[in-house]
Structure formats: C-alpha cells, structure tokens
Amino acid sequence: MKTLKGMGKLILGLIAGAALITGVANVIVCQTSAPCMASAKEAAAFQADCVLVLGAAVDANGDPTPILRDRLDVGASLYQAGAASKIIVTGNNSAESHHEADAMKSYLVGKGIPAADIMRDNYGRTTYDSMWRARNVFEVARVIVVTQEYHEHRSLFDAKGVGMEACGVPSDLSTYAHQNYYNFREVFACVKDLGLVILHVPASSEQAEASR
C-alpha cells in the first residue's frame with residue numbers, strides 16, 4: 001500500500017514538473033517575441049531582406065488550404081507594399097502529399113509576384129528548420145515572418161534564436177477549422193523549440209541548398 005502511495009506521489013510530481021516546464025517555456029517564448037509583432041505599416045519600415053511565408057498543408061489538388069492562402073495573401077501584400085524585394089516560401093516538399101513550397105510559389109506567381117523574386121525552401125519541415133535555414137542557407141539577416149498569430153510567437157522566437165532580426169505580421173484573415181487543436185499543439189511545440197534554440201541545434205537538412 002505504501003508502495004502504491006509512493007508511486008502515486010511520484011507520478012503527480014512528474015506531472016506537476018512537466019506542467020511547470022511547459023508553462024515556463026511558453027511564457028519565455030511569448031514574452032521574448034511579443035515586442036516583435038508588427039502591423040503591415042510597421043513592417044514596411046523594417047527594411048527587411050525578405051518576407052518569409054511559413055508553409056502549411058495543401059489540398060489534394062495542390063491548392064493552398066485556407067490557412068496557407070491567408071499567409072500567402074499577407075506575404076504578397078507586404079511585397080507589393082515594398083516591405084521587401086524578395087519572398088521566401090518555406091515548406092515541406094518531402095513527399096507526394098507535401099509539395100507545399102511549390103504550391104506556395106505557384107499561388108504567388110498567380111497573384112502577380114515575379115517568379116524571380118520568390119525563393120523556395122523545400123526543406124522547411126519544421127518552423128525551427130525554416131528559420132535556421134533562412135539564416136544559414138539563404139543568409140537572411142532581417143526578416144518579416146508571416147503566419148497566423150497562434151504560430152507567430154514561436155516563429156519569431158526561433159528567428160531571433162538563430163540570429164536574425166525579425167518582425168512578424170499575423171495573417172489571421174479568416175477563422176479556421178481545428179483551431180483549438182492548433183493552439184493545443186503549439187503549447188508543446190514551444191517547449192521543443194526552446195530546447196532547440198538553447199542548444200543551437202542545426203536544421204535536419206542543413207546541407208540542402210536554396211531553390212528558385
């Protein structure tokens with residue numbers, strides 16, 4: 001009986017410790033990144049090297065899903081407003097069902113963005129990888145990050161963590177299905193990325209080159 005009580009206390013202690021670590025990590029990520037959140041007007045004065053649009057899922061026919069389409073529309077509007085002369089689209093092109101960067105570039109070209117001004121990162125498999133590669137492969141020093149607000153804090157934290165000056169323009173133009181799931185997942189992703197930044201972990205695809 002004493003053994004069972006001891007095990008119960010140990011389990012409760014582990015749960016409490018994990019909850020504390022998760023909470024602290026999220027506070028650090030959000031407080032560090034909050035000053036970097038910007039309006040489109042503020043971003044236009046930031047003098048960025050590029051606008052970086054983070055990837056998301058595409059439909060079975062290869063079209064951007066609503067969450068990705070909103071990111072691309074905001075990225076296009078920033079480019080057209082003169083916030084930066086280049087756009088990087090970064091996403092997972094690792095499988096037949098994950099041709100995100102290709103779909104993103106095609107969409108932007110359809111919006112009138114010159115193809116020569118759009119760089120594809122086909123190896124942006126995670127948010128952290130995308131930021132690490134922007135700094136170390138694409139050699140970006142100042143970046144405007146475009147994604148939804150729930151994801152923007154971690155993205156900016158990662159961008160700063162790998163050595164870029166960054167501001168972020170949220171792309172919440174719509175309401176999205178599964179938003180509660182995205183919010184829940186983000187809580188734990190912040191813990192993971194805090195560890196990656198602290199340890200200065202290179203991207204898993206660090207040797208892959210940039211693509212047009």
# chains A, B, ... in the order shown; residues from 1 in each chain; ligands from 1
call {"tool": "residues_around", "arguments": {"residues": "Asp73 of chain A", "least_positions_apart": "2", "cutoff": "10 Å", "atoms": "only C-alpha atoms", "output": "compact mmCIF listing (two decimals) with all heavy atoms, in the first residue's frame"}}
result
# COMPACT_ATOMS: atom_id res chain seq x y z
N VAL A 53 7.30 33.45 -45.72
CA VAL A 53 5.96 32.89 -45.52
C VAL A 53 6.10 31.43 -45.13
O VAL A 53 6.66 30.63 -45.89
CB VAL A 53 5.09 33.03 -46.78
CG1 VAL A 53 3.69 32.49 -46.51
CG2 VAL A 53 5.03 34.49 -47.24
N LEU A 68 -3.13 28.48 -45.27
CA LEU A 68 -1.94 28.80 -46.06
C LEU A 68 -2.23 29.94 -47.04
O LEU A 68 -1.38 30.82 -47.25
CB LEU A 68 -1.46 27.57 -46.82
CG LEU A 68 -0.22 27.73 -47.68
CD1 LEU A 68 0.95 28.27 -46.88
CD2 LEU A 68 0.15 26.40 -48.35
N ARG A 69 -3.41 29.94 -47.61
CA ARG A 69 -3.78 31.01 -48.55
C ARG A 69 -3.72 32.38 -47.87
O ARG A 69 -3.24 33.36 -48.46
CB ARG A 69 -5.16 30.75 -49.12
CG ARG A 69 -5.57 31.75 -50.21
CD ARG A 69 -6.88 31.35 -50.86
NE ARG A 69 -7.98 31.36 -49.90
CZ ARG A 69 -8.69 30.29 -49.56
NH1 ARG A 69 -8.40 29.10 -50.07
NH2 ARG A 69 -9.68 30.39 -48.69
N ASP A 70 -4.19 32.46 -46.63
CA ASP A 70 -4.14 33.73 -45.91
C ASP A 70 -2.70 34.17 -45.67
O ASP A 70 -2.37 35.36 -45.78
CB ASP A 70 -4.89 33.62 -44.59
CG ASP A 70 -6.41 33.62 -44.77
OD1 ASP A 70 -6.87 33.82 -45.91
OD2 ASP A 70 -7.12 33.43 -43.76
N ARG A 71 -1.83 33.24 -45.35
CA ARG A 71 -0.41 33.60 -45.17
C ARG A 71 0.16 34.15 -46.48
O ARG A 71 0.88 35.17 -46.48
CB ARG A 71 0.39 32.36 -44.74
CG ARG A 71 0.02 31.82 -43.38
CD ARG A 71 0.84 30.58 -43.01
NE ARG A 71 0.34 29.96 -41.79
CZ ARG A 71 0.86 28.90 -41.20
NH1 ARG A 71 1.93 28.32 -41.74
NH2 ARG A 71 0.34 28.40 -40.11
N GLY A 75 1.65 37.86 -47.28
CA GLY A 75 3.02 37.96 -47.80
C GLY A 75 3.06 38.72 -49.11
O GLY A 75 3.94 39.58 -49.32
N ALA A 76 2.10 38.46 -49.99
CA ALA A 76 2.05 39.16 -51.27
C ALA A 76 1.79 40.64 -51.07
O ALA A 76 2.41 41.49 -51.74
CB ALA A 76 0.96 38.55 -52.15
N SER A 77 0.89 40.97 -50.15
CA SER A 77 0.58 42.38 -49.93
C SER A 77 1.78 43.13 -49.35
O SER A 77 2.02 44.30 -49.68
CB SER A 77 -0.64 42.52 -49.00
OG SER A 77 -0.35 42.07 -47.69
N LEU A 78 2.56 42.48 -48.51
CA LEU A 78 3.77 43.11 -47.97
C LEU A 78 4.80 43.35 -49.08
O LEU A 78 5.42 44.42 -49.13
CB LEU A 78 4.37 42.23 -46.87
CG LEU A 78 3.59 42.19 -45.55
CD1 LEU A 78 4.07 41.05 -44.68
CD2 LEU A 78 3.73 43.52 -44.80
N TYR A 79 4.99 42.36 -49.93
CA TYR A 79 5.90 42.53 -51.06
C TYR A 79 5.43 43.68 -51.95
O TYR A 79 6.24 44.55 -52.35
CB TYR A 79 5.97 41.23 -51.86
CG TYR A 79 6.71 41.36 -53.17
CD1 TYR A 79 8.08 41.14 -53.25
CD2 TYR A 79 6.02 41.71 -54.34
CE1 TYR A 79 8.76 41.27 -54.46
CE2 TYR A 79 6.69 41.84 -55.55
CZ TYR A 79 8.05 41.63 -55.61
OH TYR A 79 8.71 41.76 -56.81
N TYR A 107 1.07 29.88 -56.35
CA TYR A 107 -0.01 30.78 -55.93
C TYR A 107 0.44 32.24 -56.00
O TYR A 107 -0.29 33.11 -56.49
CB TYR A 107 -0.44 30.43 -54.51
CG TYR A 107 -1.59 31.28 -53.99
CD1 TYR A 107 -2.90 30.92 -54.24
CD2 TYR A 107 -1.35 32.42 -53.23
CE1 TYR A 107 -3.96 31.69 -53.76
CE2 TYR A 107 -2.39 33.19 -52.74
CZ TYR A 107 -3.69 32.82 -53.02
OH TYR A 107 -4.73 33.59 -52.54
N LEU A 108 1.65 32.52 -55.52
CA LEU A 108 2.15 33.90 -55.54
C LEU A 108 2.38 34.40 -56.95
O LEU A 108 2.10 35.57 -57.26
CB LEU A 108 3.44 33.98 -54.72
CG LEU A 108 3.29 33.85 -53.21
CD1 LEU A 108 4.66 33.80 -52.54
CD2 LEU A 108 2.47 34.99 -52.62
N LYS A 111 -0.68 35.59 -58.26
CA LYS A 111 -1.06 36.89 -57.68
C LYS A 111 -0.26 38.04 -58.29
O LYS A 111 -0.42 39.19 -57.89
CB LYS A 111 -0.83 36.87 -56.17
CG LYS A 111 -1.67 35.88 -55.40
CD LYS A 111 -3.06 36.35 -55.12
CE LYS A 111 -3.06 37.46 -54.08
NZ LYS A 111 -4.44 37.88 -53.73
N VAL A 146 5.64 35.78 -41.75
CA VAL A 146 4.18 35.79 -41.94
C VAL A 146 3.61 34.42 -41.59
O VAL A 146 3.98 33.40 -42.19
CB VAL A 146 3.81 36.16 -43.39
CG1 VAL A 146 2.29 36.10 -43.57
CG2 VAL A 146 4.32 37.54 -43.75
N SER A 171 -1.34 36.71 -39.98
CA SER A 171 -2.15 36.55 -41.19
C SER A 171 -3.52 35.97 -40.88
O SER A 171 -4.04 35.14 -41.63
CB SER A 171 -1.41 35.66 -42.19
OG SER A 171 -1.13 34.39 -41.61
N LEU A 173 -6.72 36.24 -41.40
CA LEU A 173 -7.74 36.86 -42.24
C LEU A 173 -9.07 36.13 -42.17
O LEU A 173 -10.08 36.64 -42.66
CB LEU A 173 -7.27 36.90 -43.69
CG LEU A 173 -5.91 37.57 -43.96
CD1 LEU A 173 -5.61 37.57 -45.45
CD2 LEU A 173 -5.88 38.99 -43.40
call {"tool": "residues_around", "arguments": {"residues": "Val201 of chain A", "least_positions_apart": "5", "cutoff": "9 Å", "atoms": "only C-alpha atoms", "output": "number ranges by chain"}}
result
A: 132, 195-196
call {"tool": "closest_residue", "arguments": {"among": "A:Gly110, A:Ser204, A:Cys190, A:Phe46", "to": "Val27 of chain A", "atoms": "only C-alpha atoms"}}
result
A:Cys190
call {"tool": "select_by_dssp", "arguments": {"residues": "segment 66-195 of chain A", "states": "strand (DSSP E or B)", "output": "NGL selection string"}}
result
:A and (87-90 or 92 or 118-121 or 123 or 142-147 or 165-170)
call {"tool": "closest_residue", "arguments": {"among": "A:Ala44, A:Leu194, A:Leu14, A:Ala203", "to": "Ala81 of chain A", "atoms": "only C-alpha atoms"}}
result
A:Ala44
call {"tool": "select_by_dssp", "arguments": {"residues": "chain A", "states": "alpha helix (DSSP H)", "output": "PyMOL selection string"}}
result
chain A and resi 2-33+40-44+66-80+100-110+127-136+149-161+179-199
call {"tool": "atom_distance", "arguments": {"atom1": "atom CA of Gly23 of chain A", "atom2": "atom CA of Arg133 of chain A"}}
result
27.9 Å
call {"tool": "residues_around", "arguments": {"residues": "segment 177-185 of chain A", "least_positions_apart": "4", "cutoff": "10 Å", "atoms": "only C-alpha atoms", "output": "PyMOL selection string"}}
result
chain A and resi 66-67+150-151+189-190
call {"tool": "write_last_selection", "arguments": {"atoms": "C-alpha atoms", "output": "compact mmCIF listing (two decimals), in the first residue's frame"}}
result
# COMPACT_ATOMS: atom_id res chain seq x y z
CA PRO A 66 -7.37 28.49 -46.28
CA ILE A 67 -4.78 28.86 -43.53
CA TYR A 150 -1.05 31.45 -32.66
CA HIS A 151 2.12 30.38 -34.52
CA ALA A 189 5.92 22.91 -29.73
CA CYS A 190 7.12 25.92 -27.74
call {"tool": "residues_around", "arguments": {"residues": "Gly91 of chain A", "least_positions_apart": "2", "cutoff": "6 Å", "atoms": "only C-alpha atoms", "output": "PyMOL selection string"}}
result
chain A and resi 55+100-101+122+124-125
call {"tool": "closest_residue", "arguments": {"among": "A:Ala84, A:Leu54, A:Val29, A:Ile113", "to": "Val197 of chain A", "atoms": "only C-alpha atoms"}}
result
A:Val29
call {"tool": "residues_around", "arguments": {"residues": "Ile87 of chain A", "least_positions_apart": "3", "cutoff": "7 Å", "atoms": "only C-alpha atoms", "output": "PyMOL selection string"}}
result
chain A and resi 50-52+117-119
call {"tool": "closest_residue", "arguments": {"among": "A:Ser174, A:Ser106, A:Thr65, A:Ser205", "to": "Glu149 of chain A", "atoms": "only C-alpha atoms"}}
result
A:Ser174
call {"tool": "closest_residue", "arguments": {"among": "A:Glu165, A:Asp102, A:Asp172, A:Asp59", "to": "Ile144 of chain A", "atoms": "only C-alpha atoms"}}
result
A:Glu165
call {"tool": "closest_residue", "arguments": {"among": "A:Lys86, A:Arg120, A:His153, A:Lys9", "to": "Val187 of chain A", "atoms": "only C-alpha atoms"}}
result
A:His153
